[in-house]
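For reference, protein_18.csv is printed below; it contains CSV, C-alpha atoms.
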chain,number,residue,atom,x,y,z
A,1,MET,CA,-91.7,84.2,64.7
A,2,LEU,CA,-91.1,81.7,67.5
A,3,PRO,CA,-88.3,82.4,69.9
A,4,ASP,CA,-85.1,80.6,69.1
A,5,TRP,CA,-84.9,79.2,72.7
A,6,PHE,CA,-88.1,77.1,72.2
A,7,LYS,CA,-87.3,73.4,72.1
A,8,THR,CA,-86.4,72.0,68.7
A,9,SER,CA,-88.8,69.1,68.8
A,10,PHE,CA,-89.4,66.1,66.6
A,11,LEU,CA,-93.0,66.3,68.0
A,12,GLU,CA,-92.5,63.1,70.1
A,13,LEU,CA,-94.3,64.6,73.1
A,14,GLY,CA,-93.4,61.7,75.4
A,15,GLU,CA,-89.8,62.1,74.6
A,16,ASP,CA,-90.0,65.9,75.0
A,17,LEU,CA,-91.4,65.4,78.5
A,18,TYR,CA,-88.7,62.8,79.3
A,19,GLU,CA,-86.0,65.3,78.2
A,20,ALA,CA,-87.6,68.1,80.2
A,21,ASN,CA,-87.6,65.9,83.3
A,22,ALA,CA,-83.8,65.7,83.2
A,23,ASN,CA,-83.5,69.3,84.7
A,24,LYS,CA,-86.8,71.1,84.4
A,25,ARG,CA,-90.2,71.2,86.2
A,26,GLY,CA,-92.2,70.3,83.2
A,27,LEU,CA,-93.2,70.9,79.6
A,28,ILE,CA,-95.3,73.7,78.1
A,29,ILE,CA,-97.1,73.0,74.8
A,30,TYR,CA,-97.7,76.3,73.1
A,31,PHE,CA,-100.6,76.2,70.6
A,32,GLY,CA,-100.5,79.1,68.2
A,33,ARG,CA,-100.8,80.5,64.7
A,34,HIS,CA,-98.4,82.6,62.8
A,35,ASP,CA,-101.1,85.2,61.9
A,36,CYS,CA,-102.7,85.5,65.4
A,37,PRO,CA,-102.3,88.9,67.0
A,38,TYR,CA,-102.7,87.5,70.5
A,39,CYS,CA,-100.0,84.9,69.8
A,40,LYS,CA,-97.8,87.8,68.7
A,41,ALA,CA,-98.6,89.5,72.0
A,42,GLN,CA,-97.8,86.3,74.0
A,43,LEU,CA,-94.4,85.9,72.2
A,44,GLU,CA,-93.4,89.6,72.2
A,45,THR,CA,-94.9,91.0,75.4
A,46,ASN,CA,-94.7,88.0,77.7
A,47,TRP,CA,-91.9,85.9,76.3
A,48,GLY,CA,-90.2,89.2,75.3
A,49,GLN,CA,-89.4,90.1,78.9
A,50,PRO,CA,-86.0,89.0,80.1
A,51,ASP,CA,-87.2,87.9,83.5
A,52,ILE,CA,-90.0,85.7,82.0
A,53,ILE,CA,-87.7,84.2,79.5
A,54,THR,CA,-85.2,83.4,82.2
A,55,TYR,CA,-87.8,81.9,84.5
A,56,THR,CA,-89.5,79.9,81.7
A,57,ARG,CA,-86.1,78.5,80.4
A,58,ALA,CA,-85.1,77.5,83.9
A,59,HIS,CA,-88.2,75.6,84.7
A,60,PHE,CA,-89.8,74.4,81.4
A,61,ASP,CA,-89.1,73.3,77.9
A,62,VAL,CA,-91.6,74.8,75.4
A,63,VAL,CA,-92.8,73.0,72.3
A,64,ALA,CA,-94.8,74.9,69.7
A,65,ILE,CA,-97.8,73.4,67.9
A,66,ASP,CA,-99.4,75.1,65.0
A,67,VAL,CA,-103.2,74.6,65.5
A,68,LEU,CA,-103.6,74.4,61.7
A,69,GLY,CA,-100.4,72.5,61.1
A,70,ASN,CA,-100.0,69.3,59.2
A,71,ARG,CA,-96.8,68.1,60.8
A,72,GLN,CA,-97.1,64.6,62.3
A,73,LEU,CA,-96.7,64.3,66.1
A,74,THR,CA,-96.8,61.5,68.5
A,75,ASP,CA,-98.8,62.3,71.7
A,76,PHE,CA,-98.1,61.1,75.2
A,77,GLY,CA,-100.0,57.8,74.6
A,78,GLY,CA,-98.0,57.0,71.4
A,79,ASN,CA,-100.8,58.0,69.0
A,80,THR,CA,-99.7,59.7,65.8
A,81,GLN,CA,-101.7,62.5,64.3
A,82,THR,CA,-101.3,66.0,62.7
A,83,GLU,CA,-100.8,69.1,64.8
A,84,LYS,CA,-104.3,70.2,63.8
A,85,ALA,CA,-105.9,67.0,64.9
A,86,PHE,CA,-104.0,67.0,68.2
A,87,ALA,CA,-105.1,70.6,68.9
A,88,THR,CA,-108.7,69.8,68.1
A,89,ARG,CA,-108.7,66.6,70.2
A,90,HIS,CA,-107.3,68.6,73.2
A,91,GLU,CA,-109.7,71.5,72.7
A,92,ALA,CA,-107.1,74.1,72.1
A,93,ASN,CA,-109.9,76.3,70.8
A,94,PHE,CA,-108.2,79.7,71.3
A,95,THR,CA,-104.8,80.9,70.3
A,96,PRO,CA,-102.6,81.2,72.1
A,97,SER,CA,-103.3,78.2,74.3
A,98,LEU,CA,-100.8,76.9,76.8
A,99,PHE,CA,-100.8,73.4,78.3
A,100,PHE,CA,-98.5,73.0,81.2
A,101,TYR,CA,-97.5,69.4,82.0
A,102,ASP,CA,-95.7,68.6,85.2
A,103,ARG,CA,-92.9,66.1,85.6
A,104,ARG,CA,-95.4,63.2,85.9
A,105,GLY,CA,-97.0,64.1,82.6
A,106,LYS,CA,-100.1,65.4,84.3
A,107,LEU,CA,-101.8,68.4,82.8
A,108,ALA,CA,-101.2,70.9,85.5
A,109,LEU,CA,-102.7,73.9,83.9
A,110,LYS,CA,-104.4,75.0,80.7
A,111,ILE,CA,-104.6,78.6,79.7
A,112,SER,CA,-106.6,79.7,76.8
A,113,GLY,CA,-106.0,83.1,75.3
A,114,TYR,CA,-103.6,85.9,76.0
A,115,ARG,CA,-102.8,86.8,79.6
A,116,PRO,CA,-100.9,90.0,80.7
A,117,PRO,CA,-97.4,89.5,81.9
A,118,TYR,CA,-98.1,89.4,85.7
A,119,GLN,CA,-100.8,86.8,85.2
A,120,PHE,CA,-98.6,84.8,82.9
A,121,ARG,CA,-95.7,84.9,85.4
A,122,ALA,CA,-98.1,83.7,88.1
A,123,ALA,CA,-99.1,80.8,85.9
A,124,LEU,CA,-95.5,79.8,85.4
A,125,GLU,CA,-94.9,79.9,89.1
A,126,TYR,CA,-98.1,78.1,89.8
A,127,VAL,CA,-96.8,75.0,88.0
A,128,ALA,CA,-93.1,75.3,88.7
A,129,ASP,CA,-93.7,75.6,92.4
A,130,LEU,CA,-96.2,72.8,92.5
A,131,HIS,CA,-99.2,74.8,93.6
A,132,HIS,CA,-101.3,72.9,91.2
A,133,ASP,CA,-101.0,69.9,93.6
A,134,LYS,CA,-102.6,72.0,96.4
A,135,GLU,CA,-105.1,74.4,95.0
A,136,GLU,CA,-107.0,75.4,91.8
A,137,PHE,CA,-105.5,78.1,89.6
A,138,HIS,CA,-108.4,80.6,90.1
A,139,HIS,CA,-107.7,80.5,93.9
A,140,TYR,CA,-104.0,81.0,93.3
A,141,MET,CA,-104.7,83.8,90.9
A,142,ALA,CA,-107.1,85.5,93.3
A,143,ARG,CA,-104.2,85.8,95.8
A,144,ALA,CA,-101.9,87.0,93.1
A,145,GLU,CA,-104.4,89.6,91.9
A,146,ALA,CA,-104.8,90.9,95.4
A,147,ALA,CA,-101.0,91.2,95.8
A,148,TYR,CA,-100.6,92.9,92.4
A,149,SER,CA,-103.3,95.5,93.0
A,150,TYR,CA,-102.4,96.3,96.6
A,151,GLY,CA,-102.2,100.0,96.9
A,152,GLN,CA,-102.7,100.8,93.2
A,153,ASP,CA,-106.2,102.1,93.2
A,154,SER,CA,-106.6,104.1,96.4
A,155,LEU,CA,-105.1,105.0,99.7
A,156,ASN,CA,-104.9,102.2,102.1
A,157,GLU,CA,-107.6,102.3,104.8
A,158,HIS,CA,-106.3,102.0,108.4
A,159,PRO,CA,-107.5,103.6,111.6
A,160,ASP,CA,-104.1,105.0,112.4
A,161,PHE,CA,-104.2,107.0,109.1
A,162,ARG,CA,-107.3,109.0,109.8
A,163,PRO,CA,-107.3,112.5,108.3
A,164,PRO,CA,-107.0,115.3,110.9
A,165,SER,CA,-110.4,116.4,112.1
A,166,ARG,CA,-109.6,120.1,112.3
A,167,LEU,CA,-107.7,121.5,109.4
A,168,ALA,CA,-109.1,125.0,109.6
A,169,ARG,CA,-107.4,127.4,112.0
A,170,ARG,CA,-109.2,130.3,113.6
A,171,HIS,CA,-108.2,133.5,112.2
A,172,THR,CA,-107.2,135.8,115.0
A,173,GLY,CA,-106.7,138.9,112.9
A,174,LYS,CA,-103.0,139.0,113.7
A,175,ASN,CA,-100.5,138.0,111.1
Is it possible to give me this structure as structure tokens?
Amino acid sequence: MLPDWFKTSFLELGEDLYEANANKRGLIIYFGRHDCPYCKAQLETNWGQPDIITYTRAHFDVVAIDVLGNRQLTDFGGNTQTEKAFATRHEANFTPSLFFYDRRGKLALKISGYRPPYQFRAALEYVADLHHDKEEFHHYMARAEAAYSYGQDSLNEHPDFRPPSRLARRHTGKN
């Protein structure tokens, strides 16, 4: 079941982008299937978190495309085709797939498959904050991964935090 806050679209993608440009940073096309467990995880786990919903709604309109669907859509170039043909033509080979379009209609990011919430949040910020104009997503994610994992696996190494060299005390026989 798609969230009720997804854009109600006539599948005129050029018009959807135009409307998103009025007060958003872009448009997300969500390619999914109703029987896909990873789509369910995307919708419930990622778009089920209040902070991710709020951020997505503030910066993007989201249009859902059924990769096996037969509804007619008009793409950004004015070509009419079924959802399935559009998904095939754009190589949305995995579900879910998310295509992020910036305000200029440029494909800013394509994510194939499910990503955990912190990676998905980073993808939203990558496009909304225009990082796609400055660096590739894998570089951006490497920095995000480093920040996310900082201090989670082990103690931080630093010369000022050396363990004491002499923990054993000499026993003097007196209590």
Proximity of segment 47-101 of chain A to segment 119-134 of chain A: per-residue shortest pair, 10 Å limit, all atoms listed in the file, as CSV:
residue,atom,partner,partner_atom,distance
A:Trp47,CA,A:Phe120,CA,9.5
A:Asp51,CA,A:Arg121,CA,9.2
A:Ile52,CA,A:Arg121,CA,6.7
A:Ile53,CA,A:Arg121,CA,10.0
A:Tyr55,CA,A:Leu124,CA,8.0
A:Thr56,CA,A:Leu124,CA,7.0
A:Ala58,CA,A:Ala128,CA,9.6
A:His59,CA,A:Ala128,CA,6.3
A:Phe60,CA,A:Ala128,CA,8.1
A:Phe100,CA,A:Val127,CA,7.3
A:Tyr101,CA,A:Val127,CA,8.2
* Given only C-alpha atoms as the counted atoms, nearest of A:Glu135, A:Val67, A:Asp75, A:Val62 to Leu11 of chain A -> A:Asp75
* Closest of A:Met1, A:Gly78, A:Phe31, A:Leu17 to Lys110 of chain A - atom-to-atom distances counting all atoms listed in the file -> A:Phe31
* To do: Considering only C-alpha atoms, state which residue in the set A:Gly48, A:Thr54, A:Arg71, A:Arg33 is at the smallest distance from Ser9 of chain A.
  => A:Arg71
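Ranking A:Leu98, A:Ala41, A:Tyr30, A:Arg115 by their shortest atom-to-atom distance to Asp66 of chain A, with only C-alpha atoms included, puts A:Tyr30 first.
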* Can you tell me, as a ChimeraX atom specification, what residues are no more than 9 Å from Arg103 of chain A when counting all atoms listed in the file, ignoring any on the same chain fewer than 3 positions away? -> /A:17-18,20-21,24-27,106
Please, could you write that set of residues out with C-alpha atoms as an mmCIF file, keeping the file's coordinate frame?
data_model
loop_
_atom_site.group_PDB
_atom_site.id
_atom_site.type_symbol
_atom_site.label_atom_id
_atom_site.label_comp_id
_atom_site.auth_asym_id
_atom_site.auth_seq_id
_atom_site.Cartn_x
_atom_site.Cartn_y
_atom_site.Cartn_z
ATOM 1 C CA LEU A 17 -91.400 65.400 78.500
ATOM 2 C CA TYR A 18 -88.700 62.800 79.300
ATOM 3 C CA ALA A 20 -87.600 68.100 80.200
ATOM 4 C CA ASN A 21 -87.600 65.900 83.300
ATOM 5 C CA LYS A 24 -86.800 71.100 84.400
ATOM 6 C CA ARG A 25 -90.200 71.200 86.200
ATOM 7 C CA GLY A 26 -92.200 70.300 83.200
ATOM 8 C CA LEU A 27 -93.200 70.900 79.600
ATOM 9 C CA LYS A 106 -100.100 65.400 84.300
#
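Relative to atom CA of Val63 of chain A, atom CA of Lys7 of chain A is found at 5.5 Å.
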* Asked: Which residue gives the smallest distance to Phe86 of chain A among A:Ile65, A:Tyr118, A:Arg104, A:Gln49, with all atoms listed in the file counted?
  ->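 Ranking A:Ile65, A:Tyr118, A:Arg104, A:Gln49 by distance to Phe86 of chain A, first place goes to A:Ile65.
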* To do: Would you work out the distance separating atom CA of Ile111 of chain A from atom CA of Cys39 of chain A, expressed in Å to one decimal?
  => 12.6 Å
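Interatomic distance, atom CA of Thr8 of chain A to atom CA of Phe137 of chain A: 29.0 Å.
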* Skip Phe94 of chain A itself and residues of its chain fewer than 3 positions away, then list as a ChimeraX atom specification all residues within 6 Å of it, counting only C-alpha atoms. => /A:97,112-113
* To do: Give the answer as one residue: which of A:Leu2, A:Asn23, A:Gly105, A:Glu12 has the shortest atom-to-atom distance to Asp61 of chain A, using all atoms listed in the file?
  =>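 Using all atoms listed in the file, the shortest distance to Asp61 of chain A belongs to A:Asn23.
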